[in-house]
Structure formats: structure tokens, C-alpha cells
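Visitor: Quick one: this structure, given as C-alpha cells, is what I'll be asking you about.
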Amino acid sequence: MNKKFSLFILLFIGVITISFSSILIRMSKSTPIVISTYRMGLSTIFLLPLFVFNRKKVVKGEKVFFVLSGIFLALHFYTWITSLRFTTIMSSTVLVTTNPIFVSILSYLLFKKRLKIKTFLAIILCLLGILLMSYGGKFSTNVKGNSLALLGAIFASLYITTNYFLRKKYDLINIVFRVYSISFIVLLIISFVLKENLIFLPKREYFLLILIAIFPQVIGHSIFNYALKFLSPVFISLTILGEPIGATLLGVIFFKEIPKCLEFLGGLLIITAILIADKE
């Protein structure tokens with residue numbers, strides 16, 4: 001089978017599995033930090049056997065990239081999962097995939113990279129889309145949830161960027177196990193600080209948390225990490241745009257959460273903005 005075709009099949013499977021993430025999270029009654037902590041903790045446990053047999057040493061000067069990647073991933077999940085408590089599945093998943101826009105803005109602010117006219121247009125469309133989505137329901141609630149989803153997008157951008165560097169030097173299991181472990185430690189510390197209950201949970205919760213760890217995380221996110229070795233981070237970011245489409249359709253099926261007109265229009269504007277933004 002053609003290598004590129006195989007990658008596209010894998011990415012399609014990845015999109016489907018991460019699309020179920022918001023659905024499973026919405027089904028859970030646990031707090032966002034508990035869900036995030038279990039998601040990364042269980043994922044680390046599931047990957048441990050593979051890591052033990054494929055472990056490779058990390059170059060001393062590159063350890064910082066693993067630490068940063070783990071921190072960014074932890075903050076991404078914490079902010080995004082929290083956003084699902086305050087806004088719709090469509091708004092949350094569309095906004096959290098706006099990372100290509102933020103990459104362009106950060107490149108300008110940090111590296112003085114010139115913004116092209118189409119990127120300015122993309123930013124304007126994105127802002128209009130965010131406003132429309134916020135007015136699609138209860139404004140104050142949507143603003144809080146949408147802001148958290150946008151924060152999740154920023155952290156996802158930073159996570160993808162650091163992982164792109166690591167993927168060029170290390171194989172998949174040596175990256176994801178270490179990054180997931182660091183992410184788990186960060187979330188565990190936050191859980192202890194917030195005095196969250198991590199042990200005495202209903203059986204139904206344990207079942208949902210295991211599903212969240214296996215499908216969206218171990219399978220879904222690991223597929224995208226694997227593809228980073230062969231495809232650009234921008235292409236991966238654009239592929240992830242399939243998540244809000246899949247999640248929105250699943251939201252209609254499982255929760256009868258039909259997007260309102262303004263939400264739908266806002267989502268179209270944001271996806272259009274991401275597609276036309278400068279990807280170089």
C-alpha cells in the first residue's frame with residue numbers, strides 16, 4: 001500500500017477517534033481536572049510496556065523540549081475540557097482547532113515574521129466567527145467557555161510545535177510516553193492543589209475515563225504524533241479540522257445539540273479563516 005495513502009487512512013482514523021473525545025467528556029460527571037489527569041495517567045500506563053522495550057536515552061540539551069511539550073499538553077487538556085462545561089460541543093471543538101491562526105500571530109510577535117494580507121483577513125474572519133459563536137447562546141456563559149477553548153488552542157499550538165522538533169529526532173513511543181508522563185505529573189500536582197477526589201469514583205466514571213484514555217488519546221493523538229515525522233505540523237493542524245465536524249455531528253446524535261444559526265455561521269467563518277491563513 002502507498003505510504004502516503006496509508007498515512008491518510010491513519011489520519012482519518014485519528015480524526016474519528018478524537019471526534020469522540022468531547023462526547024465522552026460530556027457524558028462524564030467528573031471535574032475537568034480529574035478527567036484530564038486520568039486521561040494522561042491511564043495513557044501513560046497503557047504505553048508503558050511499549051516504552052520499556054523501546055526505550056532510548058534523551059540528549060541532555062533536549063530534555064527541556066519534552067518538559068515544555070508535557071506542560072503545554074496538560075494545560076491544553078485542562079482548558080479545553082473545562083470549556084465543554086460552559087459552551088457547546090461545536091463552539092468548543094471549532095475554537096480549539098484555531099491553532100494555525102495563533103501560530104501565525106506568535107511567529108510575528110516572537111520572530112518578527114511578516115504577516116501576509118491573507119493572514120490579516122484570516123484573523124479578522126476568525127474574530128468575527130468568535131463573536132458570532134459567542135452570541136449564538138447565552139453570551140456570558142459562551143464567552144467563558146469560548147475563551148477557555150481559545151486558550152486550549154494556544155497551548156495546542158505550542159505542543160504541536162515542540163513535538164514537531166522532537167519527532168525529527170526520536171521515535172513515536174519515546175516521545176509520547178515521556179510527554180504524556182510529564183503532562184500527567186503536572187495535572188496530578190494541580191489536582192492535589194485543588195484537593196480533587198481522584199480515587200472514589202463511580203464505576204461508570206472509571207469506564208468512561210478508560211475510553212477517553214484509549215481512543216482519543218492513545219490511538220487518536222498518537223496517530224497525529226506519528227504523522228508529524230512525515231507531514232508538516234501545519235498539515236496536521238489542518239487535518240485536525242475534521243474534529244469539530246465529527247464532534248458536532250456526534251453531538252447532534254448523542255445530545256440533540258443542534259447548532260444555532262449564529263454558531264453555524266461563526267464556525268464556517270473560523271474554518272474558512274484557518275484554511276486561508278498563511279501556512280509557511
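Residues in the C-alpha cells are named by chain (A, B, ... in the order shown) and by number from 1 within that chain; ligands are numbered from 1 in the order shown.
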Give me the residues within 12 Å of Ile199 in chain A as a PDB file with C-alpha atoms, in the first residue's frame, counting only C-alpha atoms and dropping any in the same chain fewer than 4 places off.

Guide:
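Saved as selection.pdb:
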```pdb
ATOM      1  CA  SER A  30     -16.143  14.158  36.827  1.00  0.00           C
ATOM      2  CA  VAL A  34      -9.990  14.768  37.113  1.00  0.00           C
ATOM      3  CA  THR A  37      -5.468  13.680  34.994  1.00  0.00           C
ATOM      4  CA  TYR A  38      -6.964  10.248  34.329  1.00  0.00           C
ATOM      5  CA  SER A 191      -5.358  18.056  41.267  1.00  0.00           C
ATOM      6  CA  PHE A 192      -3.670  17.895  44.661  1.00  0.00           C
ATOM      7  CA  LYS A 195      -7.957  18.932  46.522  1.00  0.00           C
ATOM      8  CA  LYS A 203     -17.796   2.564  38.227  1.00  0.00           C
ATOM      9  CA  GLU A 205     -16.832   7.120  35.573  1.00  0.00           C
ATOM     10  CA  TYR A 206     -13.907   4.706  35.543  1.00  0.00           C
TER      11      TYR A 206
END
```

Visitor: Could you find all residues in range 97-240 of chain A that DSSP calls helix (DSSP H, G or I) from the backbone, and write them as a PyMOL selection string?

Guide: chain A and resi 99-111+117-134+139-167+172-193+203-227+233-239

Visitor: Give me, as a PyMOL selection string, all polymer residues having an atom no more than 10 Å from Leu166 in chain A, counting only C-alpha atoms and skipping those fewer than 6 positions away in the same chain.

Guide: chain A and resi 62-63+65-66+69+160+172+174-175+225+228-229

Visitor: May I have the selected residues written with N, CA and C atoms, as an mmCIF file, in the first residue's frame?

Guide:
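Result file follows (again.cif):
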```
data_model
loop_
_atom_site.group_PDB
_atom_site.id
_atom_site.type_symbol
_atom_site.label_atom_id
_atom_site.label_comp_id
_atom_site.auth_asym_id
_atom_site.auth_seq_id
_atom_site.Cartn_x
_atom_site.Cartn_y
_atom_site.Cartn_z
ATOM 1 N N GLU A 62 18.126 18.415 25.114
ATOM 2 C CA GLU A 62 16.797 18.331 24.506
ATOM 3 C C GLU A 62 15.707 17.943 25.496
ATOM 4 N N LYS A 63 16.101 17.708 26.739
ATOM 5 C CA LYS A 63 15.116 17.336 27.757
ATOM 6 C C LYS A 63 14.082 18.442 27.972
ATOM 7 N N PHE A 65 12.639 20.259 25.878
ATOM 8 C CA PHE A 65 11.549 20.194 24.909
ATOM 9 C C PHE A 65 10.478 19.182 25.346
ATOM 10 N N PHE A 66 10.916 18.092 25.956
ATOM 11 C CA PHE A 66 9.962 17.115 26.485
ATOM 12 C C PHE A 66 9.149 17.727 27.631
ATOM 13 N N SER A 69 6.742 20.377 26.214
ATOM 14 C CA SER A 69 5.664 19.703 25.483
ATOM 15 C C SER A 69 4.640 19.114 26.452
ATOM 16 N N ILE A 160 2.209 21.238 19.579
ATOM 17 C CA ILE A 160 2.495 20.709 18.247
ATOM 18 C C ILE A 160 3.866 21.165 17.761
ATOM 19 N N LEU A 172 8.228 7.461 17.900
ATOM 20 C CA LEU A 172 6.940 7.823 18.491
ATOM 21 C C LEU A 172 6.820 7.484 19.964
ATOM 22 N N ASN A 174 8.998 6.884 22.292
ATOM 23 C CA ASN A 174 9.906 7.598 23.188
ATOM 24 C C ASN A 174 9.466 9.047 23.402
ATOM 25 N N ILE A 175 8.686 9.575 22.470
ATOM 26 C CA ILE A 175 8.152 10.929 22.638
ATOM 27 C C ILE A 175 6.878 10.905 23.477
ATOM 28 N N ASN A 225 0.831 12.304 16.284
ATOM 29 C CA ASN A 225 2.251 12.403 16.632
ATOM 30 C C ASN A 225 3.107 11.582 15.661
ATOM 31 N N LEU A 228 3.570 13.332 12.335
ATOM 32 C CA LEU A 228 4.439 14.514 12.355
ATOM 33 C C LEU A 228 5.834 14.225 11.791
ATOM 34 N N LYS A 229 6.224 12.968 11.790
ATOM 35 C CA LYS A 229 7.540 12.612 11.249
ATOM 36 C C LYS A 229 7.547 12.705 9.725
#
```

Visitor: Taking 6 positions as the minimum chain separation for residues in the same chain, which residues sit within 10 Å of Val176 in chain A when counting only C-alpha atoms? Answer as a PDB file with N, CA and C atoms, in the first residue's frame.

Guide:
```pdb
ATOM      1  N   SER A  43      -3.219   6.796  29.949  1.00  0.00           N
ATOM      2  CA  SER A  43      -2.498   6.703  28.677  1.00  0.00           C
ATOM      3  C   SER A  43      -1.046   6.312  28.915  1.00  0.00           C
ATOM      4  N   THR A  44      -0.455   6.886  29.956  1.00  0.00           N
ATOM      5  CA  THR A  44       0.935   6.568  30.300  1.00  0.00           C
ATOM      6  C   THR A  44       1.076   5.096  30.682  1.00  0.00           C
ATOM      7  N   LEU A  47       0.863   2.783  27.657  1.00  0.00           N
ATOM      8  CA  LEU A  47       2.034   2.854  26.778  1.00  0.00           C
ATOM      9  C   LEU A  47       3.321   2.335  27.423  1.00  0.00           C
ATOM     10  N   PHE A  51       7.134   1.279  25.858  1.00  0.00           N
ATOM     11  CA  PHE A  51       8.283   2.133  26.170  1.00  0.00           C
ATOM     12  C   PHE A  51       9.433   1.318  26.770  1.00  0.00           C
ATOM     13  N   PHE A  66      10.916  18.092  25.956  1.00  0.00           N
ATOM     14  CA  PHE A  66       9.962  17.115  26.485  1.00  0.00           C
ATOM     15  C   PHE A  66       9.149  17.727  27.631  1.00  0.00           C
ATOM     16  N   SER A  69       6.742  20.377  26.214  1.00  0.00           N
ATOM     17  CA  SER A  69       5.664  19.703  25.483  1.00  0.00           C
ATOM     18  C   SER A  69       4.640  19.114  26.452  1.00  0.00           C
ATOM     19  N   GLY A  70       5.125  18.487  27.532  1.00  0.00           N
ATOM     20  CA  GLY A  70       4.226  17.904  28.536  1.00  0.00           C
ATOM     21  C   GLY A  70       3.401  18.952  29.257  1.00  0.00           C
ATOM     22  N   ASN A 163       6.606  19.283  19.651  1.00  0.00           N
ATOM     23  CA  ASN A 163       6.598  17.876  19.236  1.00  0.00           C
ATOM     24  C   ASN A 163       7.148  17.687  17.829  1.00  0.00           C
ATOM     25  N   ARG A 167       9.920  14.994  17.019  1.00  0.00           N
ATOM     26  CA  ARG A 167       9.588  13.899  16.095  1.00  0.00           C
ATOM     27  C   ARG A 167      10.669  13.694  15.046  1.00  0.00           C
ATOM     28  N   TYR A 170      13.370  11.581  17.533  1.00  0.00           N
ATOM     29  CA  TYR A 170      13.013  10.431  18.359  1.00  0.00           C
ATOM     30  C   TYR A 170      11.829   9.696  17.751  1.00  0.00           C
ATOM     31  N   ILE A 182       4.982  13.474  31.735  1.00  0.00           N
ATOM     32  CA  ILE A 182       5.183  14.825  32.277  1.00  0.00           C
ATOM     33  C   ILE A 182       3.847  15.551  32.401  1.00  0.00           C
ATOM     34  N   VAL A 218      -4.583   7.575  23.363  1.00  0.00           N
ATOM     35  CA  VAL A 218      -3.575   6.592  22.942  1.00  0.00           C
ATOM     36  C   VAL A 218      -3.641   6.341  21.436  1.00  0.00           C
ATOM     37  N   HIS A 221      -4.438  10.792  19.356  1.00  0.00           N
ATOM     38  CA  HIS A 221      -3.317  11.731  19.432  1.00  0.00           C
ATOM     39  C   HIS A 221      -1.998  11.088  19.040  1.00  0.00           C
ATOM     40  N   SER A 222      -1.845   9.803  19.328  1.00  0.00           N
ATOM     41  CA  SER A 222      -0.603   9.117  18.951  1.00  0.00           C
ATOM     42  C   SER A 222      -0.476   9.007  17.429  1.00  0.00           C
ATOM     43  N   ASN A 225       0.831  12.304  16.284  1.00  0.00           N
ATOM     44  CA  ASN A 225       2.251  12.403  16.632  1.00  0.00           C
ATOM     45  C   ASN A 225       3.107  11.582  15.661  1.00  0.00           C
ATOM     46  N   TYR A 226       2.608  10.407  15.302  1.00  0.00           N
ATOM     47  CA  TYR A 226       3.317   9.554  14.353  1.00  0.00           C
ATOM     48  C   TYR A 226       3.442  10.248  12.993  1.00  0.00           C
TER      49      TYR A 226
END
```

Visitor: I'd like the contact shell of Gly267 in chain A - 10 Å cut-off, only C-alpha atoms, skipping same-chain residues fewer than 6 positions apart - returned as a list in words.

Guide: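 Once the adjacent positions are removed, what remains is Met90, Ser91, Thr93, Val94, Leu95, Cys126, Leu128, Gly129, Ile130, Leu132, Met133, Pro244, Ile245, Pro259, Cys261 and Ala273 of chain A.
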
Visitor: Using only C-alpha atoms, which of the listed residues (A:Phe72, A:Phe77, A:Tyr108, A:Phe46) sits closest to Val179 in chain A?

Guide: A:Phe72

Visitor: For a quick check of understanding, using only C-alpha atoms, which of A:Ile185, A:Ser147, A:Ile89, A:Leu121 has the smallest distance to Ile258 in chain A?

Guide: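 Of the candidates, the smallest distance to Ile258 in chain A is held by A:Ile89.
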
Visitor: What is the distance between CA of Gly61 in chain A and CA of Tyr164 in chain A, in Å to one decimal?

Guide: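 Computed distance, CA of Gly61 in chain A to CA of Tyr164 in chain A, equals 16.3 Å.
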
Visitor: Just want the 12 Å neighbourhood of Phe20 in chain A, counted on only C-alpha atoms, with same-chain residues fewer than 3 positions away dropped. Output as a PyMOL selection string.

Guide: chain A and resi 13-17+23-27+89+93+208+211-217+219-220+242-251+253-254
